[in-house]
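Have a look at final-v9.cif below; it lists mmCIF, C-alpha atoms (C1' of nucleotides).
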data_protein
loop_
_atom_site.group_PDB
_atom_site.id
_atom_site.type_symbol
_atom_site.label_atom_id
_atom_site.label_comp_id
_atom_site.auth_asym_id
_atom_site.auth_seq_id
_atom_site.Cartn_x
_atom_site.Cartn_y
_atom_site.Cartn_z
ATOM 1 C CA MET A 1 0.000 0.000 0.000
ATOM 2 C CA HIS A 2 1.396 3.392 -0.962
ATOM 3 C CA ILE A 3 1.942 6.083 1.626
ATOM 4 C CA SER A 4 -0.422 8.355 -0.251
ATOM 5 C CA SER A 5 -3.275 5.892 -0.085
ATOM 6 C CA ILE A 6 -2.610 5.289 3.590
ATOM 7 C CA LYS A 7 -2.941 9.030 4.116
ATOM 8 C CA THR A 8 -6.232 8.998 2.267
ATOM 9 C CA LEU A 9 -7.421 6.036 4.299
ATOM 10 C CA LEU A 10 -6.604 7.837 7.544
ATOM 11 C CA ARG A 11 -8.308 11.051 6.453
ATOM 12 C CA GLU A 12 -11.390 9.194 5.271
ATOM 13 C CA SER A 13 -11.557 7.532 8.674
ATOM 14 C CA GLY A 14 -11.412 10.916 10.358
ATOM 15 C CA LEU A 15 -7.979 10.283 11.838
ATOM 16 C CA LYS A 16 -4.983 12.556 11.890
ATOM 17 C CA VAL A 17 -2.005 11.652 9.770
ATOM 18 C CA THR A 18 1.037 11.081 11.955
ATOM 19 C CA PRO A 19 4.424 9.492 11.230
ATOM 20 C CA ILE A 20 3.685 6.667 13.624
ATOM 21 C CA ARG A 21 0.379 5.818 11.978
ATOM 22 C CA LEU A 22 1.940 5.885 8.555
ATOM 23 C CA ALA A 23 4.709 3.562 9.634
ATOM 24 C CA LEU A 24 2.272 1.257 11.382
ATOM 25 C CA LEU A 25 -0.155 0.901 8.508
ATOM 26 C CA ASN A 26 2.639 0.735 5.983
ATOM 27 C CA TYR A 27 4.112 -2.230 7.788
ATOM 28 C CA LEU A 28 0.793 -3.901 8.464
ATOM 29 C CA SER A 29 -0.292 -3.588 4.860
ATOM 30 C CA LYS A 30 2.854 -5.297 3.654
ATOM 31 C CA ALA A 31 2.849 -8.040 6.258
ATOM 32 C CA LYS A 32 2.085 -11.532 5.080
ATOM 33 C CA LYS A 33 0.929 -12.769 8.430
ATOM 34 C CA PRO A 34 -0.893 -11.402 11.472
ATOM 35 C CA LEU A 35 1.340 -9.409 13.806
ATOM 36 C CA SER A 36 1.436 -8.995 17.556
ATOM 37 C CA VAL A 37 2.305 -5.798 19.392
ATOM 38 C CA GLU A 38 5.589 -7.468 20.242
ATOM 39 C CA ASP A 39 6.232 -7.998 16.528
ATOM 40 C CA LEU A 40 5.447 -4.375 15.772
ATOM 41 C CA MET A 41 7.736 -3.036 18.463
ATOM 42 C CA GLN A 42 10.668 -4.604 16.640
ATOM 43 C CA VAL A 43 9.974 -2.873 13.348
ATOM 44 C CA LYS A 44 12.802 -0.427 12.624
ATOM 45 C CA SER A 45 10.547 2.571 12.078
ATOM 46 C CA LEU A 46 8.631 1.805 15.261
ATOM 47 C CA LEU A 47 11.510 0.970 17.562
ATOM 48 C CA GLU A 48 11.276 4.189 19.547
ATOM 49 C CA VAL A 49 7.524 4.308 19.749
ATOM 50 C CA ASP A 50 5.911 3.741 23.112
ATOM 51 C CA LYS A 51 4.087 0.449 23.424
ATOM 52 C CA VAL A 52 1.028 2.297 24.718
ATOM 53 C CA THR A 53 0.844 4.326 21.546
ATOM 54 C CA LEU A 54 0.839 1.151 19.507
ATOM 55 C CA TYR A 55 -1.998 -0.281 21.557
ATOM 56 C CA ARG A 56 -3.987 2.916 21.225
ATOM 57 C CA ASN A 57 -3.503 3.175 17.505
ATOM 58 C CA LEU A 58 -4.321 -0.457 16.943
ATOM 59 C CA ASP A 59 -7.498 -0.030 18.967
ATOM 60 C CA THR A 60 -8.427 3.001 16.927
ATOM 61 C CA PHE A 61 -7.777 1.203 13.654
ATOM 62 C CA VAL A 62 -9.877 -1.751 14.733
ATOM 63 C CA LYS A 63 -12.756 0.545 15.669
ATOM 64 C CA LYS A 64 -12.531 2.275 12.304
ATOM 65 C CA GLY A 65 -12.483 -1.061 10.523
ATOM 66 C CA ILE A 66 -9.041 -0.496 9.046
ATOM 67 C CA ILE A 67 -7.493 -3.522 10.681
ATOM 68 C CA GLN A 68 -8.786 -6.637 12.357
ATOM 69 C CA ARG A 69 -7.964 -8.104 15.727
ATOM 70 C CA LEU A 70 -7.452 -11.846 15.749
ATOM 71 C CA ASP A 71 -7.725 -14.404 18.480
ATOM 72 C CA LEU A 72 -5.302 -17.172 17.682
ATOM 73 C CA HIS A 73 -5.385 -18.989 21.014
ATOM 74 C CA ARG A 74 -2.230 -17.309 22.095
ATOM 75 C CA ARG A 75 -1.680 -15.042 24.978
ATOM 76 C CA GLU A 76 -1.447 -11.861 22.921
ATOM 77 C CA ALA A 77 -3.667 -10.351 20.264
ATOM 78 C CA TYR A 78 -2.716 -10.391 16.582
ATOM 79 C CA PHE A 79 -3.574 -7.797 13.985
ATOM 80 C CA GLU A 80 -3.846 -7.688 10.242
ATOM 81 C CA MET A 81 -5.290 -5.385 7.600
ATOM 82 C CA GLN A 82 -9.013 -5.723 7.079
ATOM 83 C CA HIS A 83 -9.449 -7.714 3.902
ATOM 84 C CA LYS A 84 -12.210 -6.301 1.774
ATOM 85 C CA HIS A 85 -13.072 -9.532 0.038
ATOM 86 C CA GLY A 86 -14.917 -10.953 2.985
ATOM 87 C CA HIS A 87 -13.563 -13.036 5.773
ATOM 88 C CA HIS A 88 -10.664 -15.307 5.678
ATOM 89 C CA HIS A 89 -9.435 -17.675 8.284
ATOM 90 C CA HIS A 90 -6.227 -19.048 9.666
ATOM 91 C CA ILE A 91 -4.349 -22.242 10.234
ATOM 92 C CA ILE A 92 -1.954 -22.159 13.135
ATOM 93 C CA CYS A 93 0.802 -24.691 13.735
ATOM 94 C CA MET A 94 0.541 -26.063 17.255
ATOM 95 C CA GLU A 95 4.252 -26.776 17.235
ATOM 96 C CA CYS A 96 6.025 -23.721 15.830
ATOM 97 C CA GLY A 97 3.278 -21.118 15.630
ATOM 98 C CA LEU A 98 3.374 -20.717 11.853
ATOM 99 C CA ILE A 99 0.260 -18.990 10.563
ATOM 100 C CA GLU A 100 -1.215 -19.510 7.124
ATOM 101 C CA ASP A 101 -4.139 -17.607 5.689
ATOM 102 C CA MET A 102 -7.032 -19.572 4.307
ATOM 103 C CA HIS A 103 -8.958 -17.666 1.673
ATOM 104 C CA SER A 104 -12.069 -18.491 -0.259
ATOM 105 C CA CYS A 105 -13.822 -20.707 2.187
ATOM 106 C CA SER A 106 -17.524 -20.913 1.717
ATOM 107 C CA MET A 107 -18.693 -19.926 5.147
ATOM 108 C CA ASP A 108 -21.613 -17.779 4.082
ATOM 109 C CA ILE A 109 -23.931 -20.725 3.874
ATOM 110 C CA ALA A 110 -22.804 -21.943 7.272
ATOM 111 C CA VAL A 111 -23.465 -18.521 8.776
ATOM 112 C CA LYS A 112 -26.978 -18.448 7.402
ATOM 113 C CA ASN A 113 -27.603 -21.885 8.821
ATOM 114 C CA VAL A 114 -26.434 -20.799 12.218
ATOM 115 C CA GLU A 115 -28.806 -17.853 12.173
ATOM 116 C CA LYS A 116 -31.681 -20.141 11.281
ATOM 117 C CA LYS A 117 -30.829 -22.811 13.822
ATOM 118 C CA SER A 118 -30.297 -20.475 16.738
ATOM 119 C CA LYS A 119 -33.102 -20.142 19.241
ATOM 120 C CA LYS A 120 -31.827 -17.197 21.199
ATOM 121 C CA PHE A 121 -30.114 -15.133 18.535
ATOM 122 C CA SER A 122 -31.567 -13.057 15.763
ATOM 123 C CA LYS A 123 -28.498 -11.561 14.156
ATOM 124 C CA ILE A 124 -25.037 -12.864 13.350
ATOM 125 C CA ILE A 125 -22.662 -9.955 12.807
ATOM 126 C CA ASP A 126 -19.271 -11.582 12.743
ATOM 127 C CA HIS A 127 -17.605 -14.930 12.929
ATOM 128 C CA SER A 128 -14.168 -16.331 13.430
ATOM 129 C CA MET A 129 -12.779 -19.658 12.484
ATOM 130 C CA GLU A 130 -9.361 -20.989 13.143
ATOM 131 C CA PHE A 131 -7.749 -24.314 12.394
ATOM 132 C CA TYR A 132 -4.980 -25.801 14.493
ATOM 133 C CA GLY A 133 -2.652 -28.460 13.246
ATOM 134 C CA LEU A 134 0.872 -29.291 12.218
ATOM 135 C CA CYS A 135 2.713 -27.624 9.379
ATOM 136 C CA LYS A 136 4.616 -29.828 6.985
ATOM 137 C CA LYS A 137 7.882 -28.985 8.706
ATOM 138 C CA CYS A 138 6.709 -29.953 12.178
ATOM 139 C CA ASP A 139 4.727 -32.994 11.046
ATOM 140 C CA LYS A 140 7.553 -35.460 10.946
ATOM 141 C CA MET B 1 -22.953 -36.652 35.544
ATOM 142 C CA HIS B 2 -22.993 -38.806 38.666
ATOM 143 C CA ILE B 3 -20.298 -38.502 41.283
ATOM 144 C CA SER B 4 -19.370 -42.137 40.777
ATOM 145 C CA SER B 5 -18.733 -41.688 37.082
ATOM 146 C CA ILE B 6 -16.706 -38.572 37.770
ATOM 147 C CA LYS B 7 -14.559 -40.643 40.084
ATOM 148 C CA THR B 8 -14.106 -43.224 37.377
ATOM 149 C CA LEU B 9 -13.252 -40.505 34.868
ATOM 150 C CA LEU B 10 -10.593 -39.090 37.180
ATOM 151 C CA ARG B 11 -9.085 -42.492 37.897
ATOM 152 C CA GLU B 12 -9.030 -43.415 34.247
ATOM 153 C CA SER B 13 -7.191 -40.188 33.567
ATOM 154 C CA GLY B 14 -4.632 -41.040 36.179
ATOM 155 C CA LEU B 15 -5.705 -38.242 38.516
ATOM 156 C CA LYS B 16 -6.355 -38.368 42.216
ATOM 157 C CA VAL B 17 -9.904 -38.054 43.412
ATOM 158 C CA THR B 18 -10.242 -34.988 45.626
ATOM 159 C CA PRO B 19 -13.290 -33.124 46.920
ATOM 160 C CA ILE B 20 -12.366 -30.052 44.892
ATOM 161 C CA ARG B 21 -12.096 -31.997 41.653
ATOM 162 C CA LEU B 22 -15.385 -33.733 42.277
ATOM 163 C CA ALA B 23 -17.124 -30.423 42.943
ATOM 164 C CA LEU B 24 -15.494 -28.821 39.906
ATOM 165 C CA LEU B 25 -16.386 -31.548 37.442
ATOM 166 C CA ASN B 26 -19.800 -32.000 38.957
ATOM 167 C CA TYR B 27 -20.592 -28.360 38.346
ATOM 168 C CA LEU B 28 -18.979 -28.239 34.921
ATOM 169 C CA SER B 29 -20.840 -31.315 33.754
ATOM 170 C CA LYS B 30 -24.158 -29.785 34.723
ATOM 171 C CA ALA B 31 -23.465 -26.325 33.311
ATOM 172 C CA LYS B 32 -25.374 -25.318 30.224
ATOM 173 C CA LYS B 33 -22.853 -22.765 29.090
ATOM 174 C CA PRO B 34 -19.086 -22.298 29.184
ATOM 175 C CA LEU B 35 -17.785 -21.022 32.520
ATOM 176 C CA SER B 36 -14.977 -18.697 33.470
ATOM 177 C CA VAL B 37 -12.769 -19.055 36.533
ATOM 178 C CA GLU B 38 -14.686 -16.103 37.954
ATOM 179 C CA ASP B 39 -17.920 -18.051 37.473
ATOM 180 C CA LEU B 40 -16.482 -21.102 39.164
ATOM 181 C CA MET B 41 -15.237 -19.155 42.172
ATOM 182 C CA GLN B 42 -18.818 -18.222 42.963
ATOM 183 C CA VAL B 43 -20.074 -21.796 43.075
ATOM 184 C CA LYS B 44 -21.117 -22.630 46.652
ATOM 185 C CA SER B 45 -19.014 -25.772 46.915
ATOM 186 C CA LEU B 46 -15.978 -23.935 45.513
ATOM 187 C CA LEU B 47 -16.263 -20.685 47.435
ATOM 188 C CA GLU B 48 -13.338 -21.402 49.740
ATOM 189 C CA VAL B 49 -11.077 -22.901 47.116
ATOM 190 C CA ASP B 50 -8.022 -20.932 46.110
ATOM 191 C CA LYS B 51 -8.199 -19.459 42.628
ATOM 192 C CA VAL B 52 -4.805 -20.961 41.836
ATOM 193 C CA THR B 53 -6.118 -24.420 42.562
ATOM 194 C CA LEU B 54 -8.935 -23.863 40.105
ATOM 195 C CA TYR B 55 -6.501 -22.765 37.420
ATOM 196 C CA ARG B 56 -4.282 -25.754 38.040
ATOM 197 C CA ASN B 57 -7.112 -28.235 37.969
ATOM 198 C CA LEU B 58 -8.621 -26.713 34.859
ATOM 199 C CA ASP B 59 -5.231 -26.909 33.157
ATOM 200 C CA THR B 60 -4.891 -30.520 34.170
ATOM 201 C CA PHE B 61 -8.368 -31.368 32.914
ATOM 202 C CA VAL B 62 -7.682 -29.688 29.585
ATOM 203 C CA LYS B 63 -4.457 -31.638 29.176
ATOM 204 C CA LYS B 64 -6.278 -34.873 29.949
ATOM 205 C CA GLY B 65 -8.999 -34.006 27.474
ATOM 206 C CA ILE B 66 -11.706 -33.959 30.113
ATOM 207 C CA ILE B 67 -12.673 -30.361 29.501
ATOM 208 C CA GLN B 68 -12.086 -27.859 26.743
ATOM 209 C CA ARG B 69 -10.728 -24.334 26.916
ATOM 210 C CA LEU B 70 -12.585 -21.809 24.803
ATOM 211 C CA ASP B 71 -11.528 -18.521 23.332
ATOM 212 C CA LEU B 72 -14.612 -16.374 23.131
ATOM 213 C CA HIS B 73 -12.934 -13.053 22.369
ATOM 214 C CA ARG B 74 -13.176 -12.040 25.972
ATOM 215 C CA ARG B 75 -10.460 -11.261 28.387
ATOM 216 C CA GLU B 76 -10.743 -14.495 30.321
ATOM 217 C CA ALA B 77 -10.803 -18.125 29.301
ATOM 218 C CA TYR B 78 -13.961 -20.205 29.364
ATOM 219 C CA PHE B 79 -14.256 -23.893 30.029
ATOM 220 C CA GLU B 80 -16.763 -26.612 29.310
ATOM 221 C CA MET B 81 -16.880 -30.385 29.344
ATOM 222 C CA GLN B 82 -15.368 -32.078 26.345
ATOM 223 C CA HIS B 83 -18.277 -33.175 24.200
ATOM 224 C CA LYS B 84 -17.708 -36.597 22.802
ATOM 225 C CA HIS B 85 -19.917 -36.201 19.790
ATOM 226 C CA GLY B 86 -17.463 -34.056 17.944
ATOM 227 C CA HIS B 87 -17.067 -30.331 18.016
ATOM 228 C CA HIS B 88 -19.702 -27.815 18.632
ATOM 229 C CA HIS B 89 -19.479 -24.093 18.378
ATOM 230 C CA HIS B 90 -20.792 -20.973 20.027
ATOM 231 C CA ILE B 91 -22.729 -17.839 19.374
ATOM 232 C CA ILE B 92 -21.850 -14.955 21.642
ATOM 233 C CA CYS B 93 -23.953 -11.820 22.060
ATOM 234 C CA MET B 94 -21.809 -8.749 21.504
ATOM 235 C CA GLU B 95 -24.096 -6.752 23.763
ATOM 236 C CA CYS B 96 -24.802 -8.829 26.857
ATOM 237 C CA GLY B 97 -22.378 -11.729 26.560
ATOM 238 C CA LEU B 98 -25.026 -14.451 26.315
ATOM 239 C CA ILE B 99 -23.573 -17.680 24.974
ATOM 240 C CA GLU B 100 -25.527 -20.286 23.022
ATOM 241 C CA ASP B 101 -24.191 -23.625 21.911
ATOM 242 C CA MET B 102 -24.480 -24.571 18.269
ATOM 243 C CA HIS B 103 -24.569 -28.294 17.740
ATOM 244 C CA SER B 104 -24.663 -30.420 14.668
ATOM 245 C CA CYS B 105 -22.888 -28.150 12.259
ATOM 246 C CA SER B 106 -21.362 -29.899 9.295
ATOM 247 C CA MET B 107 -17.825 -28.710 9.602
ATOM 248 C CA ASP B 108 -16.119 -31.973 8.762
ATOM 249 C CA ILE B 109 -16.269 -31.306 5.074
ATOM 250 C CA ALA B 110 -14.922 -27.811 5.577
ATOM 251 C CA VAL B 111 -12.018 -29.171 7.608
ATOM 252 C CA LYS B 112 -11.117 -31.642 4.899
ATOM 253 C CA ASN B 113 -11.197 -28.848 2.354
ATOM 254 C CA VAL B 114 -8.858 -26.757 4.449
ATOM 255 C CA GLU B 115 -6.404 -29.607 4.681
ATOM 256 C CA LYS B 116 -6.485 -30.006 0.928
ATOM 257 C CA LYS B 117 -6.187 -26.320 0.149
ATOM 258 C CA SER B 118 -3.359 -25.589 2.530
ATOM 259 C CA LYS B 119 0.116 -25.312 1.093
ATOM 260 C CA LYS B 120 2.103 -25.295 4.271
ATOM 261 C CA PHE B 121 0.106 -27.602 6.501
ATOM 262 C CA SER B 122 -0.259 -31.345 6.380
ATOM 263 C CA LYS B 123 -2.440 -32.046 9.359
ATOM 264 C CA ILE B 124 -5.424 -30.301 10.909
ATOM 265 C CA ILE B 125 -5.867 -31.454 14.474
ATOM 266 C CA ASP B 126 -8.401 -29.053 15.871
ATOM 267 C CA HIS B 127 -10.567 -26.142 14.908
ATOM 268 C CA SER B 128 -12.621 -23.489 16.571
ATOM 269 C CA MET B 129 -15.475 -21.485 15.234
ATOM 270 C CA GLU B 130 -17.382 -18.787 16.976
ATOM 271 C CA PHE B 131 -20.182 -16.546 15.824
ATOM 272 C CA TYR B 132 -20.763 -13.074 17.201
ATOM 273 C CA GLY B 133 -24.046 -11.263 16.959
ATOM 274 C CA LEU B 134 -27.037 -9.966 18.862
ATOM 275 C CA CYS B 135 -29.394 -12.112 20.868
ATOM 276 C CA LYS B 136 -33.083 -11.519 20.431
ATOM 277 C CA LYS B 137 -33.232 -9.515 23.642
ATOM 278 C CA CYS B 138 -30.461 -7.132 22.667
ATOM 279 C CA ASP B 139 -31.498 -6.838 19.022
ATOM 280 C CA LYS B 140 -34.180 -4.181 19.442
ATOM 281 C "C1'" DA C 1 5.690 -43.575 52.143
ATOM 282 C "C1'" DT C 2 5.381 -41.046 48.165
ATOM 283 C "C1'" DA C 3 3.729 -38.552 44.489
ATOM 284 C "C1'" DG C 4 0.596 -35.498 43.622
ATOM 285 C "C1'" DA C 5 -2.841 -31.713 45.365
ATOM 286 C "C1'" DT C 6 -3.563 -27.412 47.745
ATOM 287 C "C1'" DG C 7 -2.833 -22.684 49.748
ATOM 288 C "C1'" DC C 8 -0.440 -18.509 50.149
ATOM 289 C "C1'" DA C 9 2.528 -15.019 48.448
ATOM 290 C "C1'" DA C 10 4.587 -13.126 44.827
ATOM 291 C "C1'" DA C 11 5.774 -12.736 39.969
ATOM 292 C "C1'" DC C 12 4.536 -12.158 35.188
ATOM 293 C "C1'" DT C 13 2.310 -10.713 30.847
ATOM 294 C "C1'" DA C 14 -0.685 -8.332 28.144
ATOM 295 C "C1'" DT C 15 -3.324 -4.479 28.255
ATOM 296 C "C1'" DT C 16 -5.499 -0.091 30.067
ATOM 297 C "C1'" DT C 17 -5.809 4.459 32.302
ATOM 298 C "C1'" DG C 18 -4.439 9.227 33.905
ATOM 299 C "C1'" DC C 19 -2.256 13.068 33.026
ATOM 300 C "C1'" DA C 20 0.971 16.325 31.117
ATOM 301 C "C1'" DT C 21 2.933 17.674 26.743
ATOM 302 C "C1'" DC C 22 3.155 17.866 21.822
ATOM 303 C "C1'" DC C 23 1.618 17.991 17.012
ATOM 304 C "C1'" DT C 24 -1.805 18.083 13.111
ATOM 305 C "C1'" DC C 25 -5.362 20.444 11.026
ATOM 306 C "C1'" DG D 1 -5.889 27.513 18.839
ATOM 307 C "C1'" DA D 2 -8.185 23.262 19.703
ATOM 308 C "C1'" DG D 3 -8.647 18.615 19.831
ATOM 309 C "C1'" DG D 4 -6.562 14.651 19.046
ATOM 310 C "C1'" DA D 5 -1.876 12.038 19.453
ATOM 311 C "C1'" DT D 6 2.003 10.678 22.199
ATOM 312 C "C1'" DG D 7 5.015 9.450 26.252
ATOM 313 C "C1'" DC D 8 5.704 8.206 30.853
ATOM 314 C "C1'" DA D 9 4.212 6.205 35.099
ATOM 315 C "C1'" DA D 10 1.241 3.493 37.292
ATOM 316 C "C1'" DA D 11 -2.746 0.527 37.633
ATOM 317 C "C1'" DT D 12 -5.432 -3.565 36.276
ATOM 318 C "C1'" DA D 13 -6.784 -8.268 35.013
ATOM 319 C "C1'" DG D 14 -5.949 -12.772 34.124
ATOM 320 C "C1'" DT D 15 -2.864 -16.160 34.774
ATOM 321 C "C1'" DT D 16 1.497 -18.551 36.373
ATOM 322 C "C1'" DT D 17 5.266 -19.956 39.551
ATOM 323 C "C1'" DG D 18 7.769 -21.219 43.945
ATOM 324 C "C1'" DC D 19 7.583 -23.285 47.945
ATOM 325 C "C1'" DA D 20 5.861 -25.281 52.121
ATOM 326 C "C1'" DT D 21 2.197 -28.239 53.768
ATOM 327 C "C1'" DC D 22 -1.249 -31.571 53.335
ATOM 328 C "C1'" DT D 23 -3.697 -35.749 51.394
ATOM 329 C "C1'" DA D 24 -4.971 -39.700 48.415
ATOM 330 C "C1'" DT D 25 -3.241 -43.953 47.147
#
Could you express the structure from this file as structure tokens?
Amino acid sequence: MHISSIKTLLRESGLKVTPIRLALLNYLSKAKKPLSVEDLMQVKSLLEVDKVTLYRNLDTFVKKGIIQRLDLHRREAYFEMQHKHGHHHHIICMECGLIEDMHSCSMDIAVKNVEKKSKKFSKIIDHSMEFYGLCKKCDK
Amino acid sequence: MHISSIKTLLRESGLKVTPIRLALLNYLSKAKKPLSVEDLMQVKSLLEVDKVTLYRNLDTFVKKGIIQRLDLHRREAYFEMQHKHGHHHHIICMECGLIEDMHSCSMDIAVKNVEKKSKKFSKIIDHSMEFYGLCKKCDK
DNA sequence: ATAGATGCAAACTATTTGCATCCTC
DNA sequence: GAGGATGCAAATAGTTTGCATCTAT
């Protein structure tokens, strides 16, 4: 993602454009896997940024729908850019922690079924689905 | 679940039978929704039990496959008995926190697909799927 | 008798909050 | 200039660890 489009994204979300936010979103948008706050703190351009500022910006981005917070059954939260083409899910290696994205899974039908089957719920807004297993490396 | 079968379960798992464990599993096996440590601390028969002991026993039970730890996008962990008839999933109300179980969802096919589609993984061992929405009460 | 279970105190980790200062618009 | 962004210090929440004591087998 180009810096200019990140600036536009921030402005459209009603957020101020700051060096930290640019660096953060620049890195996140290029990342090929979900990142933890710990991961982000080690990025060169973010090395001197206070951890609290990262947390606050990530929170803000999540609320604005720019990024997504993931629950990967680890202690810490993981973040990745919000993918516009609907949901995608993850496979996490129980041995080494490797994370692979899983696109194009036909969950829409499942979601509709859940809404129908539920007795107490009337609206499904979001869903998460994660797979846990062994990557080819660790499965030996 | 009867006390006697809980005792058997513990013995078969190679665990000692203690009053705390009996009370814990007795309550968990009767619960109709996943419970947090906070929830468990308020159970009459567990009121005087140290929180640490609950954590340790829950850990042990998870490792032995007696109960399951759930990640419901909340701060704390939730626990429920391991259901033998395969996985089931949850719907969580984003407003009031109500949790409903969702049985009999045909995820097996989806899991097989994931295994096939994945480039880096060879084995899927477990999966989790949660739905977030509004319960009928909160959806007004 | 011995290994494992429990309680108490203290540590740890991720995350949040308060407040003063700084920067973007 | 004003309101939001940042840094620093400190609090919080959930969970874990160390160690001494107790209990089930």
One-decimal distance in Å that lies between atom CA of A:Lys136 and atom CA of B:Phe121: 5.1 Å
Enumerate, as a ChimeraX atom specification, the residues matched when the PyMOL selection byres ((chain C and resi 7) around 8) is run on the file above. /B:50 /C:6,8
What are the residues of chain D lining chain B at 9 Å or less? Count only C-alpha atoms (C1' of nucleotides), and put the answer as a PyMOL selection string. chain D and resi 13-16+23-25
Selection near B:Ile92, 8 Å with all atoms listed in the file, sequence-local residues under 3 positions removed, as an MDAnalysis selection string: chainID B and resid 72 97:100 130:134
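With all atoms listed in the file taken into account, chain C has DT13, DA14, DT15, DT16, DT17, DC23, DT24 and DC25 of chain C at most 12 Å from chain A.
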Considering only C-alpha atoms, give me a table of residues in chain B that are at most 8 Å from chain A, with the closest atom pair and distance in Å for each, as CSV.
residue,atom,partner,partner_atom,distance
B:Asp71,CA,A:His73,CA,6.6
B:His73,CA,A:Asp71,CA,6.6
B:Ile91,CA,A:Phe121,CA,7.9
B:Cys93,CA,A:Phe121,CA,7.8
B:Glu100,CA,A:Lys120,CA,7.2
B:Met102,CA,A:Ser118,CA,7.3
B:Cys105,CA,A:Ala110,CA,8.0
B:Ala110,CA,A:Cys105,CA,7.9
B:Val114,CA,A:Met102,CA,7.4
B:Lys117,CA,A:Met102,CA,8.0
B:Ser118,CA,A:Met102,CA,7.3
B:Lys120,CA,A:Cys135,CA,5.6
B:Phe121,CA,A:Cys135,CA,3.9
B:Ser122,CA,A:Lys136,CA,5.1
B:Lys123,CA,A:Leu134,CA,5.2
B:Ile124,CA,A:Gly133,CA,4.1
B:Ile125,CA,A:Gly133,CA,4.6
B:Asp126,CA,A:Tyr132,CA,4.9
B:His127,CA,A:Phe131,CA,4.2
B:Ser128,CA,A:Glu130,CA,5.4
B:Met129,CA,A:Met129,CA,4.3
B:Glu130,CA,A:Ser128,CA,5.4
B:Phe131,CA,A:His127,CA,4.2
B:Tyr132,CA,A:Asp126,CA,4.9
B:Gly133,CA,A:Ile124,CA,4.1
B:Leu134,CA,A:Lys123,CA,5.2
B:Cys135,CA,A:Phe121,CA,3.9
B:Lys136,CA,A:Phe121,CA,5.0
B:Asp139,CA,A:Ser122,CA,7.0
Using the chain letters and numbers from the file, give me the residues hit by the PyMOL selection byres ((chain C and resi 19) around 12), as a PDB file with C-alpha atoms (C1' of nucleotides), in the frame of the given file.
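The resulting expr_20.pdb:
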ATOM      1  C1'  DT C  17      -5.809   4.459  32.302  1.00  0.00           C
ATOM      2  C1'  DG C  18      -4.439   9.227  33.905  1.00  0.00           C
ATOM      3  C1'  DA C  20       0.971  16.325  31.117  1.00  0.00           C
ATOM      4  C1'  DT C  21       2.933  17.674  26.743  1.00  0.00           C
TER       5       DT C  21
ATOM      6  C1'  DT D   6       2.003  10.678  22.199  1.00  0.00           C
ATOM      7  C1'  DG D   7       5.015   9.450  26.252  1.00  0.00           C
ATOM      8  C1'  DC D   8       5.704   8.206  30.853  1.00  0.00           C
ATOM      9  C1'  DA D   9       4.212   6.205  35.099  1.00  0.00           C
ATOM     10  C1'  DA D  10       1.241   3.493  37.292  1.00  0.00           C
TER      11       DA D  10
END
Padding of 6 Å on every side, edges along x, y and z, all listed atoms of stretch 9-15 of chain C included: what centre and edge lengths in Å, to one decimal, does that box have, as JSON?
{"center_x": 1.2, "center_y": -9.7, "center_z": 38.3, "size_x": 21.1, "size_y": 22.5, "size_z": 32.3}
Starting from the PyMOL selection byres ((chain B and resi 38) around 10), expand the selection into actual residues of this file and give them as a PyMOL selection string. chain B and resi 35-37+39-43+51+54+76-78
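Taking atom C1' of D:DA5 as the reference point, atom C1' of C:DC22 is found at 8.1 Å.
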